[in-house]
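Everything below concerns the one structure shown next.
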Amino acid sequence: MIQLDQVVKAFDGRNVLDGISASLDEGKIACLIGPSGCGKTTLLRCMNGLEQLASGSIRISGCDILPNSNRATFSRVRQRVGFVFQEFHLFPHMTVLENIVLAPVQVRRQTRAASEKRAQELLEMVGLGGRGDARPSQLSGGQKQRVAIARALALDVKVLLLDEPTSALDPSMRQEVRNVLRDVAKEGLTMLCVTHDMPLVTTLADEIWVFDAGNIVERGDAKTILNAPKSAVARQYLQPSLAD
């Protein structure tokens, strides 16, 4: 479902992604961990067309992303790949329901009635079935993130990219979102999740990709890495949480 081949991205002459190669099978979930600034979020942004590759290639949900990929390519990608941002990015002037139906109506040209029906199903799934008429300003942080997850799923995507989905939340709200993501995982989506939230990693991940300085320094089965991390950066991130 996801194939990365020698992916390079540079800013101001510095390689933020330095030749990354990896793959993830359909229906699997990989959590990306490592120090801030080591390239995790940049990789997700390259996979969704928010950043342009310097070299290498990405294949995701049947779409090929190259350094010269154009707007039409990324339009296809965004119809198949959902993105959940750290800061929610809901439209404040729209209701919860309007935020969710916007893309299906405008991008997929679905009928309003069909889009609203699907949106209501998604709101029920994320535990917000009665909040469709609310504005984002009337929601807690955890509720906003759950709406953002529902919005990302509204196009019936096959892949979900999540950029630190719990980092802007207080501890109780983090648990809300963790629970929703566990439920979403049961739908069989392929997911890449950038996170510093170790409880989320330990309960969600099939694989762990450990980043450092623009490279994946360790990658493999989550249970193996959780129980016996080999790289220094993995031990730094995982062993304190395991001790707890």
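Ordered as shown in the structure tokens, chains take letters A, B, and onward, while each chain numbers its residues from 1 and ligands are numbered from 1 in the order shown.
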
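All residues within region 162-224 of chain A that the backbone DSSP calculation assigns to strand (DSSP E or B) are Leu162, Asp163, Thr190, Met191, Leu192, Cys193, Val194, Glu207, Ile208, Trp209, Val210, Phe211, Asp212, Asn215, Ile216, Val217, Glu218, Arg219, Gly220 and Asp221 of chain A.
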
Spatial neighbours of Gly132 (chain A), max dist 8 Å, only C-alpha atoms, sep filter under 5 positions, as a short mmCIF file (atom, residue, chain, number, x, y, z; two decimals) with N, CA and C atoms, in the first residue's frame:
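out08.cif was written with the following content:
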data_model
loop_
_atom_site.label_atom_id
_atom_site.label_comp_id
_atom_site.auth_asym_id
_atom_site.auth_seq_id
_atom_site.Cartn_x
_atom_site.Cartn_y
_atom_site.Cartn_z
N THR A 95 -20.45 24.36 10.58
CA THR A 95 -20.78 23.38 11.61
C THR A 95 -19.91 22.14 11.46
N VAL A 96 -19.95 21.29 12.46
CA VAL A 96 -19.24 20.01 12.40
C VAL A 96 -19.65 19.23 11.15
N LEU A 97 -20.95 19.13 10.91
CA LEU A 97 -21.44 18.37 9.76
C LEU A 97 -20.96 19.00 8.46
N GLN A 120 -22.87 11.56 9.23
CA GLN A 120 -23.51 11.20 10.48
C GLN A 120 -23.03 9.84 10.98
N LEU A 123 -19.67 10.45 12.50
CA LEU A 123 -19.79 11.11 13.80
C LEU A 123 -20.20 10.11 14.88
#

field: Residues flagged alpha helix (DSSP H) by DSSP in region 4-238 of chain A, as a ChimeraX atom specification
entry: /A:40-47,71-80,96-106,112-125,141-153,171-185,198-204,222-227,232-238

Write out as a count of residues only each polymer residue whose atoms come within 6 Å of region 28-39 of chain A, counting only C-alpha atoms; drop sequence neighbours fewer than 4 positions from it. 18

If you count only C-alpha atoms, the residue of A:Ser167, A:Thr203, A:Thr41, A:Ser61 closest to Asn179 (chain A) turns out to be A:Thr203

Test item: residues at most 6 Å from Pro67 (chain A), only C-alpha atoms, excluding those fewer than 5 positions along its chain, as a short mmCIF file (atom, residue, chain, number, x, y, z; two decimals) with all heavy atoms, in the first residue's frame:
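File out-v1.cif, as written:
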data_model
loop_
_atom_site.label_atom_id
_atom_site.label_comp_id
_atom_site.auth_asym_id
_atom_site.auth_seq_id
_atom_site.Cartn_x
_atom_site.Cartn_y
_atom_site.Cartn_z
N LEU A 53 9.15 16.46 -3.30
CA LEU A 53 10.37 15.66 -3.18
C LEU A 53 11.52 16.31 -3.92
O LEU A 53 11.34 16.93 -4.97
CB LEU A 53 10.15 14.26 -3.78
CG LEU A 53 9.12 13.34 -3.14
CD1 LEU A 53 9.15 11.99 -3.86
CD2 LEU A 53 9.37 13.17 -1.67
N ALA A 54 12.74 16.13 -3.39
CA ALA A 54 13.95 16.51 -4.14
C ALA A 54 14.35 15.37 -5.06
O ALA A 54 14.75 15.60 -6.21
CB ALA A 54 15.09 16.84 -3.18
N SER A 55 14.24 14.14 -4.57
CA SER A 55 14.53 12.97 -5.40
C SER A 55 13.90 11.75 -4.73
O SER A 55 13.42 11.81 -3.60
CB SER A 55 16.04 12.76 -5.57
OG SER A 55 16.67 12.51 -4.32
#

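Going from CA of Met1 (chain A) to CA of Ser57 (chain A) covers 13.8 Å.
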
Checklist line | Close residues, Gln143 (chain A) itself excluded, 12 Å, only C-alpha atoms, min 6 positions apart in chain, as number ranges by chain | finding: A: 88, 90, 96, 123, 126-132, 134-137, 149-150, 165-166, 169-170, 172-177, 180

Could those selected residues go to a file with N, CA, C and O atoms, as a CSV table (one decimal), in the first residue's frame?
chain,number,residue,atom,x,y,z
A,88,PHE,N,-5.9,20.3,14.1
A,88,PHE,CA,-7.3,20.1,13.7
A,88,PHE,C,-7.6,20.7,12.4
A,88,PHE,O,-8.2,20.1,11.5
A,90,LEU,N,-10.1,22.7,11.4
A,90,LEU,CA,-11.5,22.8,11.1
A,90,LEU,C,-11.9,24.2,10.6
A,90,LEU,O,-11.3,25.2,11.1
A,96,VAL,N,-20.0,21.3,12.5
A,96,VAL,CA,-19.2,20.0,12.4
A,96,VAL,C,-19.6,19.2,11.2
A,96,VAL,O,-18.8,18.7,10.4
A,123,LEU,N,-19.7,10.4,12.5
A,123,LEU,CA,-19.8,11.1,13.8
A,123,LEU,C,-20.2,10.1,14.9
A,123,LEU,O,-19.7,10.2,16.0
A,126,VAL,N,-17.1,8.1,15.9
A,126,VAL,CA,-16.1,8.8,16.8
A,126,VAL,C,-16.8,9.4,18.1
A,126,VAL,O,-16.2,10.1,18.8
A,127,GLY,N,-18.0,9.0,18.3
A,127,GLY,CA,-18.7,9.3,19.6
A,127,GLY,C,-19.3,10.7,19.6
A,127,GLY,O,-19.4,11.3,20.7
A,128,LEU,N,-19.6,11.3,18.5
A,128,LEU,CA,-20.1,12.7,18.4
A,128,LEU,C,-21.4,12.7,17.6
A,128,LEU,O,-21.6,13.7,16.9
A,129,GLY,N,-22.2,11.7,17.7
A,129,GLY,CA,-23.4,11.6,16.9
A,129,GLY,C,-24.3,12.8,17.1
A,129,GLY,O,-25.1,13.1,16.2
A,130,GLY,N,-24.4,13.4,18.3
A,130,GLY,CA,-25.3,14.5,18.5
A,130,GLY,C,-24.7,15.9,18.3
A,130,GLY,O,-25.4,16.9,18.7
A,131,ARG,N,-23.5,16.0,17.8
A,131,ARG,CA,-22.8,17.3,17.7
A,131,ARG,C,-22.7,17.8,16.3
A,131,ARG,O,-21.9,18.8,16.0
A,132,GLY,N,-23.5,17.3,15.4
A,132,GLY,CA,-23.3,17.7,14.0
A,132,GLY,C,-23.6,19.2,13.7
A,132,GLY,O,-23.0,19.8,12.8
A,134,ALA,N,-23.0,21.6,15.9
A,134,ALA,CA,-22.1,22.5,16.7
A,134,ALA,C,-21.1,23.1,15.8
A,134,ALA,O,-20.7,22.6,14.8
A,135,ARG,N,-20.6,24.3,16.3
A,135,ARG,CA,-19.4,24.9,15.7
A,135,ARG,C,-18.1,24.5,16.4
A,135,ARG,O,-18.2,24.1,17.6
A,136,PRO,N,-17.0,24.5,15.7
A,136,PRO,CA,-15.8,24.1,16.3
A,136,PRO,C,-15.5,24.8,17.6
A,136,PRO,O,-14.9,24.2,18.6
A,137,SER,N,-15.9,26.1,17.7
A,137,SER,CA,-15.6,26.8,19.0
A,137,SER,C,-16.4,26.3,20.2
A,137,SER,O,-16.0,26.6,21.3
A,149,ILE,N,-10.7,13.6,12.4
A,149,ILE,CA,-10.6,12.2,12.0
A,149,ILE,C,-11.8,11.8,11.1
A,149,ILE,O,-11.6,11.2,10.1
A,150,ALA,N,-13.0,12.1,11.6
A,150,ALA,CA,-14.2,11.8,10.8
A,150,ALA,C,-14.1,12.5,9.4
A,150,ALA,O,-14.4,11.9,8.4
A,165,PRO,N,-1.5,13.3,16.4
A,165,PRO,CA,-2.9,13.6,16.6
A,165,PRO,C,-3.3,13.8,18.1
A,165,PRO,O,-4.4,14.3,18.3
A,166,THR,N,-2.4,13.5,19.0
A,166,THR,CA,-2.8,13.7,20.4
A,166,THR,C,-1.9,14.8,21.1
A,166,THR,O,-2.1,15.0,22.3
A,169,LEU,N,-3.4,18.0,23.0
A,169,LEU,CA,-4.5,17.7,23.9
A,169,LEU,C,-4.0,17.4,25.3
A,169,LEU,O,-2.9,17.0,25.6
A,170,ASP,N,-4.9,17.7,26.3
A,170,ASP,CA,-4.5,17.4,27.7
A,170,ASP,C,-4.7,15.8,27.9
A,170,ASP,O,-5.3,15.2,27.0
A,172,SER,N,-6.6,13.7,29.5
A,172,SER,CA,-7.9,13.1,29.4
A,172,SER,C,-8.4,13.1,27.9
A,172,SER,O,-9.0,12.1,27.4
A,173,MET,N,-8.1,14.2,27.2
A,173,MET,CA,-8.6,14.2,25.8
A,173,MET,C,-7.7,13.3,24.9
A,173,MET,O,-8.2,12.8,23.9
A,174,ARG,N,-6.4,13.1,25.3
A,174,ARG,CA,-5.6,12.2,24.6
A,174,ARG,C,-6.2,10.8,24.6
A,174,ARG,O,-6.2,10.1,23.6
A,175,GLN,N,-6.7,10.4,25.7
A,175,GLN,CA,-7.3,9.1,25.8
A,175,GLN,C,-8.6,9.0,24.9
A,175,GLN,O,-8.8,7.9,24.3
A,176,GLU,N,-9.4,10.0,24.8
A,176,GLU,CA,-10.5,10.0,23.9
A,176,GLU,C,-10.1,9.7,22.5
A,176,GLU,O,-10.7,8.9,21.8
A,177,VAL,N,-9.0,10.4,22.1
A,177,VAL,CA,-8.6,10.2,20.7
A,177,VAL,C,-7.9,8.9,20.5
A,177,VAL,O,-8.1,8.2,19.4
A,180,VAL,N,-10.6,6.4,19.9
A,180,VAL,CA,-11.2,6.5,18.5
A,180,VAL,C,-10.3,5.9,17.5
A,180,VAL,O,-10.7,5.2,16.6

Once you count only C-alpha atoms, what closest atom pair and distance in Å to one decimal does each residue of region 143-166 of chain A within 10 Å of region 103-115 of chain A have, with rows by chain and rising residue number, as a tab-separated table?
residue	atom	partner	partner_atom	distance
A:Arg151	CA	A:Ala103	CA	8.3
A:Ala152	CA	A:Ala103	CA	9.2
A:Ala154	CA	A:Pro104	CA	6.7
A:Leu155	CA	A:Pro104	CA	5.8
A:Asp156	CA	A:Pro104	CA	9.3

Take the residues from that selection and write them out as a PDB file, in the first residue's frame, keeping N, CA and C atoms.
ATOM      1  N   ARG A 151     -13.636  13.722   9.370  1.00  0.00           N
ATOM      2  CA  ARG A 151     -13.501  14.442   8.093  1.00  0.00           C
ATOM      3  C   ARG A 151     -12.499  13.740   7.175  1.00  0.00           C
ATOM      4  N   ALA A 152     -11.396  13.272   7.741  1.00  0.00           N
ATOM      5  CA  ALA A 152     -10.385  12.594   6.920  1.00  0.00           C
ATOM      6  C   ALA A 152     -10.912  11.289   6.330  1.00  0.00           C
ATOM      7  N   ALA A 154     -14.076  10.784   5.443  1.00  0.00           N
ATOM      8  CA  ALA A 154     -15.325  11.007   4.721  1.00  0.00           C
ATOM      9  C   ALA A 154     -15.246  10.668   3.237  1.00  0.00           C
ATOM     10  N   LEU A 155     -14.042  10.651   2.677  1.00  0.00           N
ATOM     11  CA  LEU A 155     -13.883  10.281   1.270  1.00  0.00           C
ATOM     12  C   LEU A 155     -13.667   8.779   1.102  1.00  0.00           C
ATOM     13  N   ASP A 156     -13.884   8.022   2.183  1.00  0.00           N
ATOM     14  CA  ASP A 156     -13.674   6.569   2.148  1.00  0.00           C
ATOM     15  C   ASP A 156     -12.263   6.230   1.678  1.00  0.00           C
TER      16      ASP A 156
END

| task | Measure the distance from CA of Pro229 (chain A) to CA of Ser21 (chain A) in Å and round it to one decimal. | result |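 Rounded to one decimal, the two atoms are 19.9 Å apart.
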
Using only C-alpha atoms, which residue out of A:Leu238, A:Ile65, A:Lys158, A:Gln6 lies closest to Ile225 (chain A)?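 The shortest atom-to-atom distance to Ile225 (chain A) comes from A:Leu238.
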
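The residue set within 8 Å of Gly188 (chain A), counting only C-alpha atoms and dropping same-chain residues fewer than 3 places from it, reads Gly27, Lys28, Val184 and Ala185 of chain A.
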
As an exercise, work out the distance from CA of Val81 (chain A) to CA of Glu51 (chain A) in Å and give it to one decimal place.
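Atom-to-atom, CA of Val81 (chain A) to CA of Glu51 (chain A), that is 15.2 Å.
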